[in-house]
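Have a look at query.txt; it's compact mmCIF, C-alpha atoms:
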```txt
# COMPACT_ATOMS: atom_id res chain seq x y z
CA MET A 20 0.00 0.00 0.00
CA PRO A 21 1.39 3.41 -0.90
CA VAL A 22 -0.14 5.06 2.15
CA LYS A 23 -0.35 3.71 5.70
CA ASN A 24 -2.38 5.38 8.39
CA GLN A 25 -1.64 6.21 11.98
CA LYS A 26 -3.32 8.09 14.77
CA PRO A 27 -2.41 11.76 14.68
CA ASN A 28 0.14 13.50 16.82
CA ARG A 29 -2.27 16.01 18.31
CA SER A 30 0.53 18.16 19.65
CA GLU A 31 1.32 19.26 16.09
CA ALA A 32 -0.53 22.48 15.43
CA PHE A 33 0.24 26.02 14.32
CA ASP A 34 0.01 27.79 15.70
CA VAL A 35 -11.06 59.14 3.01
CA SER A 36 -12.20 61.98 3.83
CA ARG A 37 -9.09 61.92 5.97
CA ARG A 38 -7.08 59.60 3.74
CA GLN A 39 -4.94 61.10 1.05
CA PHE A 40 -4.83 59.78 -2.47
CA LEU A 41 -1.17 59.80 -3.41
CA GLY A 42 -1.57 59.77 -7.17
CA THR A 43 2.14 59.84 -7.95
CA ALA A 44 3.12 56.83 -5.84
CA ALA A 45 0.09 54.77 -6.78
CA GLY A 46 0.32 55.71 -10.42
CA GLY A 47 3.94 54.59 -10.50
CA ALA A 48 3.07 51.25 -8.97
CA LEU A 49 0.28 50.68 -11.47
CA ALA A 50 2.46 51.71 -14.40
CA ALA A 51 5.06 49.20 -13.30
CA GLY A 52 2.40 46.49 -13.25
CA VAL A 53 2.86 45.88 -9.52
CA TRP A 54 -0.85 45.68 -8.75
CA SER A 55 -3.21 43.67 -10.88
CA GLY A 56 -6.41 45.17 -9.45
CA ALA A 57 -8.06 48.51 -10.08
CA GLN A 58 -7.16 51.03 -7.39
CA ALA A 59 -9.88 52.03 -4.96
CA ALA A 60 -10.63 55.72 -5.03
CA ASP A 61 -8.97 56.76 -1.83
CA GLU A 62 -6.55 54.32 -0.41
CA SER A 63 -2.90 54.91 -1.07
CA ARG A 64 -0.59 56.07 1.69
CA SER A 65 2.99 57.16 1.79
CA ALA A 66 5.43 54.57 3.13
CA ASN A 67 6.12 56.54 6.31
CA GLN A 68 2.47 57.27 7.10
CA LYS A 69 0.82 54.76 9.42
CA LEU A 70 -2.34 52.94 8.52
CA ASN A 71 -5.32 53.25 10.83
CA ILE A 72 -6.33 49.66 11.45
CA ALA A 73 -9.34 48.09 13.16
CA CYS A 74 -8.83 44.59 14.54
CA ILE A 75 -11.85 42.31 14.63
CA GLY A 76 -11.00 39.65 17.19
CA THR A 77 -8.38 40.23 19.87
CA ALA A 78 -7.30 36.93 21.45
CA ASN A 79 -5.52 33.70 20.50
CA ARG A 80 -4.77 33.77 16.73
CA ALA A 81 -6.16 37.31 16.64
CA ALA A 82 -3.59 38.41 19.23
CA ALA A 83 -0.81 37.13 16.97
CA ASN A 84 -2.24 39.14 14.08
CA ILE A 85 -2.45 42.26 16.20
CA ASN A 86 1.19 41.73 17.07
CA GLY A 87 1.93 41.52 13.35
CA VAL A 88 0.39 44.93 12.60
CA GLN A 89 1.10 46.75 15.86
CA GLY A 90 3.63 49.04 14.17
CA GLU A 91 0.67 50.78 12.53
CA SER A 92 -2.04 52.72 14.36
CA ILE A 93 -4.49 50.34 16.05
CA VAL A 94 -7.47 52.65 16.38
CA ALA A 95 -10.33 50.21 17.00
CA LEU A 96 -10.69 46.81 18.64
CA VAL A 97 -13.66 44.46 18.38
CA ASP A 98 -14.40 41.37 20.43
CA VAL A 99 -17.54 39.67 21.70
CA ASP A 100 -15.64 38.74 24.87
CA SER A 101 -15.07 41.81 27.02
CA SER A 102 -12.31 40.11 29.01
CA TYR A 103 -10.28 39.65 25.83
CA LEU A 104 -11.13 43.16 24.72
CA GLU A 105 -9.98 44.74 27.97
CA ARG A 106 -6.70 42.83 27.80
CA GLN A 107 -5.87 44.28 24.38
CA LYS A 108 -7.19 47.70 25.35
CA ALA A 109 -4.46 47.81 27.97
CA SER A 110 -1.87 47.56 25.17
CA PHE A 111 -3.66 50.09 22.93
CA PRO A 112 -5.29 52.51 25.37
CA SER A 113 -6.31 54.99 22.66
CA ALA A 114 -8.16 52.38 20.62
CA ARG A 115 -11.95 52.58 20.59
CA THR A 116 -13.65 49.31 21.56
CA TYR A 117 -16.72 47.48 20.29
CA SER A 118 -18.41 44.11 20.73
CA ASP A 119 -20.00 44.13 17.24
CA TYR A 120 -18.00 44.75 14.06
CA ARG A 121 -21.10 46.03 12.28
CA GLU A 122 -21.34 48.89 14.75
CA MET A 123 -17.60 49.49 14.56
CA LEU A 124 -17.63 49.77 10.76
CA ASP A 125 -20.52 52.24 10.94
CA GLN A 126 -18.98 54.34 13.71
CA GLU A 127 -15.45 54.32 12.27
CA ALA A 128 -16.46 55.26 8.72
CA GLY A 129 -13.79 57.57 7.27
CA LYS A 130 -11.48 56.97 10.24
CA ILE A 131 -9.92 53.63 9.31
CA ASP A 132 -7.99 52.37 6.32
CA ALA A 133 -7.94 48.63 6.90
CA VAL A 134 -9.25 45.78 9.01
CA VAL A 135 -7.82 42.54 10.33
CA VAL A 136 -10.43 39.79 10.61
CA ALA A 137 -9.54 37.01 13.05
CA THR A 138 -12.81 35.58 14.33
CA THR A 139 -14.57 32.26 14.27
CA ASP A 140 -14.84 31.02 10.67
CA HIS A 141 -18.53 31.78 10.32
CA HIS A 142 -17.86 35.51 10.85
CA HIS A 143 -15.01 35.79 8.33
CA ALA A 144 -17.11 36.55 5.27
CA PRO A 145 -19.74 38.83 6.87
CA ALA A 146 -17.00 40.94 8.50
CA ALA A 147 -14.65 40.98 5.51
CA MET A 148 -17.42 41.76 3.02
CA ARG A 149 -18.67 44.71 5.05
CA ALA A 150 -15.15 46.10 5.13
CA ILE A 151 -14.53 45.53 1.42
CA GLN A 152 -17.79 47.24 0.47
CA ARG A 153 -16.57 50.28 2.39
CA GLY A 154 -13.34 50.30 0.38
CA LEU A 155 -11.18 49.06 3.26
CA HIS A 156 -8.15 46.81 2.87
CA VAL A 157 -8.60 43.40 4.48
CA TYR A 158 -6.31 40.87 6.14
CA CYS A 159 -8.44 37.81 6.93
CA GLU A 160 -7.51 34.67 8.78
CA LYS A 161 -7.83 31.32 7.06
CA PRO A 162 -10.04 29.85 5.83
CA LEU A 163 -11.19 32.94 3.96
CA SER A 164 -14.80 31.96 4.49
CA HIS A 165 -17.20 29.45 5.98
CA THR A 166 -18.62 28.33 2.62
CA VAL A 167 -17.44 27.92 -0.95
CA ALA A 168 -19.86 30.57 -2.20
CA GLU A 169 -18.65 33.11 0.35
CA ALA A 170 -15.06 32.67 -0.83
CA ARG A 171 -16.10 33.42 -4.41
CA ALA A 172 -18.14 36.44 -3.33
CA LEU A 173 -15.24 37.92 -1.36
CA THR A 174 -12.80 37.34 -4.21
CA GLU A 175 -15.03 39.12 -6.70
CA ALA A 176 -15.90 41.97 -4.34
CA ALA A 177 -12.25 42.65 -3.46
CA ARG A 178 -11.33 42.71 -7.14
CA GLU A 179 -14.21 45.06 -7.95
CA LYS A 180 -13.39 47.46 -5.11
CA GLY A 181 -9.64 47.33 -5.76
CA VAL A 182 -8.73 46.82 -2.12
CA VAL A 183 -5.54 45.12 -0.92
CA THR A 184 -6.14 41.71 0.60
CA GLN A 185 -4.14 38.98 2.29
CA LEU A 186 -5.20 35.60 3.67
CA GLY A 187 -3.66 34.66 7.00
CA THR A 188 -1.59 31.73 5.73
CA GLN A 189 1.52 32.90 7.52
CA ILE A 190 3.54 29.82 6.51
CA HIS A 191 3.50 31.22 2.95
CA ALA A 192 6.09 33.78 4.06
CA LYS A 193 8.60 31.14 5.18
CA ASN A 194 11.68 30.54 3.03
CA ASN A 195 11.27 26.76 3.04
CA TYR A 196 8.04 27.00 1.06
CA ARG A 197 9.93 29.06 -1.51
CA ARG A 198 12.64 26.43 -1.87
CA VAL A 199 10.04 23.68 -2.38
CA VAL A 200 8.26 25.74 -5.04
CA GLU A 201 11.55 26.29 -6.84
CA LEU A 202 12.34 22.58 -6.79
CA VAL A 203 8.96 21.66 -8.21
CA GLN A 204 9.03 24.33 -10.89
CA SER A 205 12.61 23.48 -11.91
CA GLY A 206 11.52 19.93 -12.73
CA ALA A 207 13.69 18.32 -10.06
CA ILE A 208 11.27 15.39 -9.70
CA GLY A 209 9.88 15.48 -13.23
CA ASP A 210 6.22 15.63 -14.14
CA ILE A 211 4.01 15.58 -11.06
CA SER A 212 0.84 13.51 -11.18
CA LYS A 213 -0.13 13.27 -7.51
CA VAL A 214 0.25 15.21 -4.28
CA HIS A 215 -0.42 13.93 -0.77
CA VAL A 216 -1.24 16.53 1.91
CA TRP A 217 -1.83 15.58 5.53
CA VAL A 218 -2.15 17.11 8.99
CA GLY A 219 -2.02 15.05 12.17
CA LYS A 220 -4.73 16.90 14.00
CA GLY A 221 -8.41 16.26 14.62
CA TRP A 222 -11.17 18.83 15.19
CA GLY A 223 -14.47 17.01 15.42
CA GLY A 224 -16.78 14.70 17.25
CA GLY A 225 -19.41 15.19 19.91
CA ASP A 226 -23.13 15.87 20.11
CA ARG A 227 -25.02 19.04 20.87
CA PRO A 228 -25.00 19.49 24.66
CA THR A 229 -28.26 18.97 26.49
CA GLU A 230 -27.13 20.94 29.54
CA THR A 231 -27.04 24.66 28.83
CA GLN A 232 -26.44 27.77 30.90
CA ALA A 233 -26.88 31.49 30.72
CA PRO A 234 -23.84 32.98 28.96
CA PRO A 235 -21.26 34.67 31.21
CA ALA A 236 -21.47 38.43 31.61
CA ASN A 237 -18.28 38.96 29.62
CA LEU A 238 -19.63 37.22 26.50
CA ALA A 239 -22.07 38.78 24.00
CA TRP A 240 -23.44 35.37 23.06
CA ASP A 241 -26.00 36.45 20.48
CA THR A 242 -23.33 38.48 18.70
CA TRP A 243 -20.94 35.53 18.90
CA LEU A 244 -23.58 33.43 17.13
CA GLY A 245 -23.97 36.16 14.54
CA PRO A 246 -25.04 34.66 11.19
CA ALA A 247 -25.48 31.16 12.65
CA PRO A 248 -28.81 29.76 13.84
CA LYS A 249 -29.65 30.52 17.45
CA ARG A 250 -28.72 27.96 20.09
CA PRO A 251 -28.30 28.09 23.86
CA TYR A 252 -24.90 28.72 25.39
CA ALA A 253 -23.10 25.72 26.89
CA ALA A 254 -19.97 26.27 28.95
CA GLY A 255 -16.80 24.91 27.37
CA ARG A 256 -18.51 23.59 24.25
CA TYR A 257 -18.20 26.49 21.82
CA HIS A 258 -16.33 29.54 23.10
CA PRO A 259 -13.43 30.00 23.26
CA ALA A 260 -11.65 26.97 21.81
CA GLN A 261 -14.11 24.32 20.67
CA TRP A 262 -16.05 26.04 17.88
CA ARG A 263 -14.01 24.50 15.02
CA ARG A 264 -15.64 21.09 15.53
CA TRP A 265 -19.17 22.43 14.85
CA TRP A 266 -20.49 22.79 11.29
CA ASP A 267 -22.38 25.97 12.23
CA PHE A 268 -19.17 27.76 13.20
CA GLY A 269 -16.16 25.97 11.67
CA GLN A 270 -15.07 23.41 9.12
CA GLY A 271 -13.09 20.96 11.23
CA THR A 272 -9.44 20.16 10.62
CA LEU A 273 -9.75 20.60 6.87
CA GLY A 274 -10.99 24.16 7.36
CA ASP A 275 -8.43 24.86 10.05
CA MET A 276 -5.29 23.59 8.33
CA GLY A 277 -6.13 22.97 4.67
CA CYS A 278 -5.24 26.48 3.47
CA HIS A 279 -1.84 26.25 5.19
CA TYR A 280 -0.78 22.97 3.65
CA MET A 281 -2.61 22.95 0.31
CA ASP A 282 -1.08 26.38 -0.23
CA LEU A 283 2.21 24.67 -1.11
CA PRO A 284 0.95 22.60 -4.09
CA PHE A 285 -1.33 25.46 -5.17
CA TRP A 286 1.67 27.76 -5.34
CA ALA A 287 4.12 25.28 -6.82
CA LEU A 288 1.77 23.89 -9.48
CA GLY A 289 -0.41 26.90 -10.19
CA LEU A 290 -3.58 25.09 -9.12
CA LYS A 291 -6.94 26.82 -9.12
CA TYR A 292 -10.19 24.83 -9.29
CA PRO A 293 -10.66 21.05 -9.14
CA VAL A 294 -13.06 19.26 -11.46
CA SER A 295 -14.12 16.67 -8.88
CA ALA A 296 -13.93 15.86 -5.18
CA ARG A 297 -14.80 12.79 -3.16
CA ALA A 298 -14.27 12.16 0.54
CA GLU A 299 -14.01 9.28 2.97
CA GLY A 300 -14.51 9.31 6.70
CA PRO A 301 -16.88 8.23 9.46
CA GLU A 302 -20.63 8.50 9.16
CA VAL A 303 -21.62 12.12 8.69
CA HIS A 304 -22.80 13.81 11.87
CA PRO A 305 -25.33 16.63 11.41
CA GLU A 306 -23.69 18.82 14.06
CA THR A 307 -19.98 18.10 14.21
CA CYS A 308 -17.06 17.56 11.86
CA PRO A 309 -15.26 14.20 11.53
CA MET A 310 -12.28 13.18 13.65
CA GLY A 311 -10.60 11.85 10.53
CA LEU A 312 -11.10 12.65 6.86
CA SER A 313 -9.55 11.98 3.48
CA VAL A 314 -10.46 13.89 0.33
CA HIS A 315 -9.47 13.10 -3.26
CA TYR A 316 -9.45 16.09 -5.59
CA GLU A 317 -8.88 15.90 -9.35
CA PHE A 318 -7.43 18.87 -11.23
CA PRO A 319 -7.44 19.21 -15.02
CA LYS A 320 -4.36 19.34 -17.20
CA THR A 321 -2.80 22.80 -17.60
CA GLU A 322 0.37 24.24 -19.08
CA SER A 323 2.05 23.65 -15.69
CA HIS A 324 1.04 20.03 -15.14
CA GLY A 325 -0.87 17.07 -16.50
CA PRO A 326 -4.03 15.69 -14.91
CA LEU A 327 -3.38 15.80 -11.18
CA GLU A 328 -4.74 14.12 -8.08
CA LEU A 329 -4.41 15.82 -4.71
CA VAL A 330 -5.25 13.77 -1.62
CA TRP A 331 -5.88 15.30 1.81
CA TYR A 332 -5.77 13.35 5.09
CA ASP A 333 -6.34 14.47 8.67
CA GLY A 334 -7.07 13.21 12.15
CA ASP A 335 -7.08 9.45 12.57
CA LEU A 336 -6.72 8.96 8.81
CA THR A 337 -3.34 10.70 8.80
CA PRO A 338 -0.70 8.56 7.02
CA ARG A 339 2.53 7.48 8.65
CA GLU A 340 3.99 6.14 5.45
CA ILE A 341 3.68 7.33 1.83
CA GLU A 342 5.10 5.42 -1.12
CA GLY A 343 7.31 3.45 1.26
CA GLN A 344 8.66 6.53 3.05
CA ARG A 345 8.09 7.20 6.73
CA VAL A 346 6.64 10.66 7.14
CA PRO A 347 6.10 13.03 10.09
CA GLY A 348 2.71 14.01 11.44
CA SER A 349 2.04 16.76 8.90
CA GLY A 350 3.38 17.63 5.47
CA VAL A 351 3.13 17.52 1.69
CA MET A 352 4.56 14.86 -0.66
CA PHE A 353 4.83 15.56 -4.39
CA ILE A 354 4.95 12.41 -6.55
CA GLY A 355 6.81 12.97 -9.81
CA SER A 356 8.03 10.90 -12.73
CA GLU A 357 11.63 11.26 -11.52
CA GLY A 358 11.22 11.09 -7.75
CA MET A 359 9.36 12.47 -4.76
CA LEU A 360 9.63 15.68 -2.77
CA PHE A 361 8.51 16.11 0.84
CA GLY A 362 7.96 19.54 2.32
CA ASP A 363 6.43 21.18 5.34
CA TYR A 364 6.68 24.61 6.92
CA ASN A 365 10.26 24.02 8.03
CA THR A 366 12.04 21.31 5.99
CA HIS A 367 12.11 19.49 2.65
CA ARG A 368 13.67 16.27 1.34
CA LEU A 369 14.01 14.51 -2.01
CA PHE A 370 13.40 10.78 -2.49
CA PRO A 371 14.81 8.25 -3.22
CA GLN A 372 17.68 9.56 -1.15
CA ASP A 373 20.37 7.61 -3.00
CA LYS A 374 19.22 8.98 -6.35
CA PHE A 375 19.42 12.56 -5.10
CA ALA A 376 22.70 12.21 -3.18
CA GLY A 377 24.82 15.16 -4.22
CA PHE A 378 21.88 16.89 -5.92
CA THR A 379 22.40 20.61 -6.46
CA PRO A 380 19.16 22.55 -6.00
CA PRO A 381 18.35 25.46 -8.28
CA ALA A 382 19.57 28.87 -7.18
CA PRO A 383 16.94 30.69 -5.11
CA SER A 384 14.76 32.77 -7.41
CA ILE A 385 11.74 33.67 -5.27
CA PRO A 386 12.54 36.73 -3.14
CA GLU A 387 12.34 36.41 0.62
CA SER A 388 9.17 37.73 2.18
CA ILE A 389 9.36 40.92 4.21
CA GLY A 390 6.82 39.24 6.48
CA HIS A 391 3.26 38.14 5.83
CA HIS A 392 1.68 41.08 7.65
CA ALA A 393 4.36 43.47 6.38
CA GLU A 394 3.55 42.48 2.78
CA TRP A 395 -0.04 43.50 3.30
CA ILE A 396 0.83 46.75 5.07
CA GLN A 397 3.29 47.77 2.37
CA ALA A 398 0.81 46.97 -0.40
CA CYS A 399 -1.89 48.99 1.36
CA LYS A 400 0.46 51.98 1.30
CA ASP A 401 2.01 51.73 -2.15
CA GLY A 402 -0.80 50.15 -4.17
CA GLY A 403 1.10 46.90 -4.64
CA THR A 404 -0.13 43.38 -4.18
CA THR A 405 0.40 40.49 -1.79
CA THR A 406 1.30 36.85 -2.30
CA CYS A 407 -1.93 35.53 -0.77
CA ASN A 408 -4.40 38.08 -2.10
CA PHE A 409 -7.95 36.87 -2.53
CA ASP A 410 -7.50 36.22 -6.26
CA TYR A 411 -5.09 33.47 -5.16
CA SER A 412 -6.44 32.46 -1.78
CA GLY A 413 -10.11 32.57 -2.79
CA PRO A 414 -9.79 29.56 -5.13
CA LEU A 415 -7.57 27.88 -2.54
CA THR A 416 -10.27 28.28 0.10
CA GLU A 417 -12.98 27.13 -2.31
CA THR A 418 -11.05 23.93 -2.96
CA VAL A 419 -10.44 23.27 0.73
CA LEU A 420 -14.09 23.73 1.67
CA LEU A 421 -15.33 21.71 -1.30
CA GLY A 422 -13.80 18.68 0.41
CA ASN A 423 -16.28 19.01 3.27
CA VAL A 424 -19.13 19.48 0.81
CA ALA A 425 -18.16 16.16 -0.81
CA TYR A 426 -17.93 14.50 2.61
CA ARG A 427 -21.32 15.73 3.76
CA THR A 428 -23.06 14.64 0.55
CA GLY A 429 -21.31 11.25 0.48
CA LYS A 430 -20.77 11.56 -3.27
CA LYS A 431 -17.98 12.11 -5.72
CA LEU A 432 -18.89 15.60 -6.86
CA GLU A 433 -18.42 16.58 -10.47
CA TRP A 434 -17.56 20.23 -9.98
CA ASP A 435 -18.39 23.13 -12.28
CA ALA A 436 -16.30 25.88 -10.71
CA GLU A 437 -17.55 28.63 -12.99
CA ALA A 438 -21.15 27.94 -11.97
CA LEU A 439 -20.23 27.08 -8.35
CA LYS A 440 -22.26 23.91 -8.68
CA ALA A 441 -21.90 20.15 -8.43
CA THR A 442 -23.47 19.01 -11.67
CA ASN A 443 -24.39 15.61 -10.24
CA SER A 444 -25.67 16.59 -6.79
CA GLN A 445 -28.40 19.08 -6.03
CA GLU A 446 -27.92 18.17 -2.38
CA ALA A 447 -24.50 19.84 -2.44
CA ASP A 448 -26.06 23.29 -2.90
CA GLN A 449 -27.01 23.52 0.78
CA TYR A 450 -23.35 23.15 1.76
CA VAL A 451 -21.87 25.31 -1.01
CA LYS A 452 -23.87 28.26 0.33
CA LYS A 453 -25.99 28.84 3.42
CA GLU A 454 -28.74 30.91 5.00
CA TYR A 455 -27.95 33.79 7.38
CA ARG A 456 -29.78 35.16 10.36
CA GLU A 457 -31.42 38.48 9.62
CA GLY A 458 -28.99 41.33 9.95
CA TRP A 459 -25.91 39.19 9.31
CA GLU A 460 -26.22 38.56 5.58
CA LEU A 461 -23.40 39.26 3.15
CA MET A 462 -23.75 42.82 1.85
```
Go ahead and render the structure in this file as structure tokens.
Amino acid sequence: MPVKNQKPNRSEAFDVSRRQFLGTAAGGALAAGVWSGAQAADESRSANQKLNIACIGTANRAAANINGVQGESIVALVDVDSSYLERQKASFPSARTYSDYREMLDQEAGKIDAVVVATTDHHHAPAAMRAIQRGLHVYCEKPLSHTVAEARALTEAAREKGVVTQLGTQIHAKNNYRRVVELVQSGAIGDISKVHVWVGKGWGGGDRPTETQAPPANLAWDTWLGPAPKRPYAAGRYHPAQWRRWWDFGQGTLGDMGCHYMDLPFWALGLKYPVSARAEGPEVHPETCPMGLSVHYEFPKTESHGPLELVWYDGDLTPREIEGQRVPGSGVMFIGSEGMLFGDYNTHRLFPQDKFAGFTPPAPSIPESIGHHAEWIQACKDGGTTTCNFDYSGPLTETVLLGNVAYRTGKKLEWDAEALKATNSQEADQYVKKEYREGWELM
């Protein structure tokens, strides 16, 4: 068997009126072809002028993002949990605070240039879309959205408004990813026909709790629910750390880690939309994501590669061996006509080892990143672009989330990406898009 499974190593995780339009700087960037999108009417800044940024979400991953942009002016903070909000307020005492990003965006109109969205997955698209429609630049944590349709809507809206965007796939900025991309694109392992991607982590399982409580005073529970259907609060089951396992709020391990790891083959092979997806895992639970999942995607032939299969594994379906090679708990393995290439966020190796003994890699050709957050900040100021803008990361997110659509339907989906529709499954529509509570719809 080319792939052997093992239980995951669960310790492995990753962690306007006031704005000036600087026509000369922005015009120069556009003339040089630096930015592929149309420039929004009022968004360029000089390199030494700080952006006014609003941060939606303030703790955990959001705290790391705030740290990444803290050199700019943090003028507004939003969090449904007042204890988290007060903690960040201590670091940014002049920042105005809110529990609801809708109110913040209304109150801060004309006062902010950009937003950082780092919330539960089901709030990503409603928050990001409201910011984009106001002409604000957006840095959004992965996955870009909670549904496939939301990812497409955000991609198109950002392009139309000409705002600068970046998906929070911070691993993309690491040099090791660059070296792997260079190896693939140089033909070091020949023509690639298959890619294995796996993460030894499991977000899933459990039933809706029957014992519920009044939410604590520090938590705006109804706002936390936001676009999701109403349900009672249950201590320790949703906020702060368990929401990823619930379909209403997250997308399990695939949603959590797929954009990080599938990013590597997407970048290296120029992938965009698959033509089919099928998934294997335990019986589908109506409330919670699976503890282990595998997804087989098929991509059509392009100028960069022939027909390609990409296989995702997570949780208790994580492989310990691929094509006879022992592998760590998470990573990517490219299978080529001349060999194999393993890569993760930190290392890479060529197989068979004896064949590649003494191999000289191509000279580095992809420039080092100035930092994932710094890329976005610089592009916001000079009208440039980023490496994980929504034109790139939107299709990546769509592909990731399509795997869960296939799993929940129990079918191999024949996928028409242009129409955002599985041509052989009407049932898939309910998972490709969703209904929103009144007041929380996409704008």
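Among the candidate residues A:Phe361, A:Ser164, A:Gly334, A:Lys249, the one lying nearest to Ala147 (chain A) is A:Ser164, with distances computed using all atoms listed in the file.
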- Expressed in Å to a single decimal, how great is the separation between CA of Glu394 (chain A) and CA of Asp282 (chain A)?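 Between CA of Glu394 (chain A) and CA of Asp282 (chain A) the gap is 17.0 Å.
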Once you count only C-alpha atoms, what closest atom pair and distance in Å to one decimal does each residue of region 143-222 of chain A within 10 Å of region 125-136 of chain A have, with rows by chain and rising residue number, as a tab-separated table?
```
residue	atom	partner	partner_atom	distance
A:His143	CA	A:Val136	CA	6.5
A:Ala144	CA	A:Val136	CA	9.1
A:Ala146	CA	A:Val136	CA	7.0
A:Ala147	CA	A:Val136	CA	6.7
A:Arg149	CA	A:Asp125	CA	9.7
A:Ala150	CA	A:Val134	CA	7.1
A:Ile151	CA	A:Ala133	CA	9.1
A:Arg153	CA	A:Ala128	CA	8.1
A:Gly154	CA	A:Asp132	CA	8.3
A:Leu155	CA	A:Ala133	CA	4.9
A:His156	CA	A:Ala133	CA	4.4
A:Val157	CA	A:Val134	CA	5.2
A:Tyr158	CA	A:Val135	CA	4.8
A:Cys159	CA	A:Val136	CA	4.6
A:Glu160	CA	A:Val136	CA	6.2
A:Lys161	CA	A:Val136	CA	9.5
A:Leu163	CA	A:Val136	CA	9.6
A:Val182	CA	A:Ala133	CA	9.2
A:Val183	CA	A:Ala133	CA	8.9
A:Thr184	CA	A:Ala133	CA	9.5
A:Gln185	CA	A:Val135	CA	9.5
A:Leu186	CA	A:Val136	CA	9.6
A:Gly187	CA	A:Val136	CA	9.2
```
Per-residue nearest contacts region 127-232 of chain A to region 286-296 of chain A, cut-off 9 Å, using only C-alpha atoms, as CSV:
```
residue,atom,partner,partner_atom,distance
A:Tyr196,CA,A:Ala287,CA,9.0
A:Arg197,CA,A:Ala287,CA,8.7
A:Val199,CA,A:Ala287,CA,7.6
A:Val200,CA,A:Ala287,CA,4.5
A:Glu201,CA,A:Ala287,CA,7.5
A:Leu202,CA,A:Ala287,CA,8.7
A:Val203,CA,A:Ala287,CA,6.2
A:Gln204,CA,A:Ala287,CA,6.4
A:Ile211,CA,A:Leu288,CA,8.8
```
Do a neighbour search on Leu238 (chain A) at 7 Å with only C-alpha atoms, toss out local chain neighbours closer than 4 positions, and write the hits as a PDB file with C-alpha atoms, in the frame of the given file.
```pdb
ATOM      1  CA  VAL A  99     -17.540  39.670  21.700  1.00  0.00           C
ATOM      2  CA  ASP A 100     -15.640  38.740  24.870  1.00  0.00           C
ATOM      3  CA  SER A 101     -15.070  41.810  27.020  1.00  0.00           C
ATOM      4  CA  PRO A 234     -23.840  32.980  28.960  1.00  0.00           C
TER       5      PRO A 234
END
```
- Query: Any idea what's packed within 9 Å of Pro371 (chain A), counting all atoms listed in the file, ignoring anything in its chain fewer than 4 positions away? Could you give it as a ChimeraX atom specification?
  - Reply: /A:344,358-359,375-376
- Query: Could you work out how far CA of Leu173 (chain A) lies from CA of Gly402 (chain A), giving the answer in Å with one decimal?
  - Reply: 19.1 Å
- Task: May I have the protein, DNA and RNA residues with any atom at most 7 Å from the point (0.9, 38.4, 7.5), counting all atoms listed in the file, written as a PyMOL selection string?
- Result: chain A and resi 87+187+189+390-395
Take the residues from that selection and put them in a file with C-alpha atoms, as a CSV table (one decimal), in the frame of the given file.
```
chain,number,residue,atom,x,y,z
A,87,GLY,CA,1.9,41.5,13.4
A,187,GLY,CA,-3.7,34.7,7.0
A,189,GLN,CA,1.5,32.9,7.5
A,390,GLY,CA,6.8,39.2,6.5
A,391,HIS,CA,3.3,38.1,5.8
A,392,HIS,CA,1.7,41.1,7.6
A,393,ALA,CA,4.4,43.5,6.4
A,394,GLU,CA,3.6,42.5,2.8
A,395,TRP,CA,0.0,43.5,3.3
```
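Closest approach to Ser323 (chain A) among A:Asp363, A:Asp210, A:Asp226, A:Glu340 is made by A:Asp210 (distances from all atoms listed in the file).
Taking CA of Pro380 (chain A) and CA of Ala192 (chain A) as endpoints, the distance between them is 20.0 Å.
With only C-alpha atoms as the atoms that count, the minimum distance from Glu179 (chain A) to the choices A:Met148, A:Pro319, A:Thr406, A:Glu299 is reached by A:Met148.
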- From the set A:Arg427, A:Met352, A:Trp265, A:Ile208, which residue has the shortest atom-to-atom contact distance to Phe378 (chain A), counting all atoms listed in the file?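 Under the stated criterion, the closest residue is A:Ile208.
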- Shortest interatomic distance to Lys213 (chain A) - which of A:Ser356, A:Ser388, A:Asn84, A:Thr428, counting all atoms listed in the file: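 Closest to Lys213 (chain A) of all the choices is A:Ser356.
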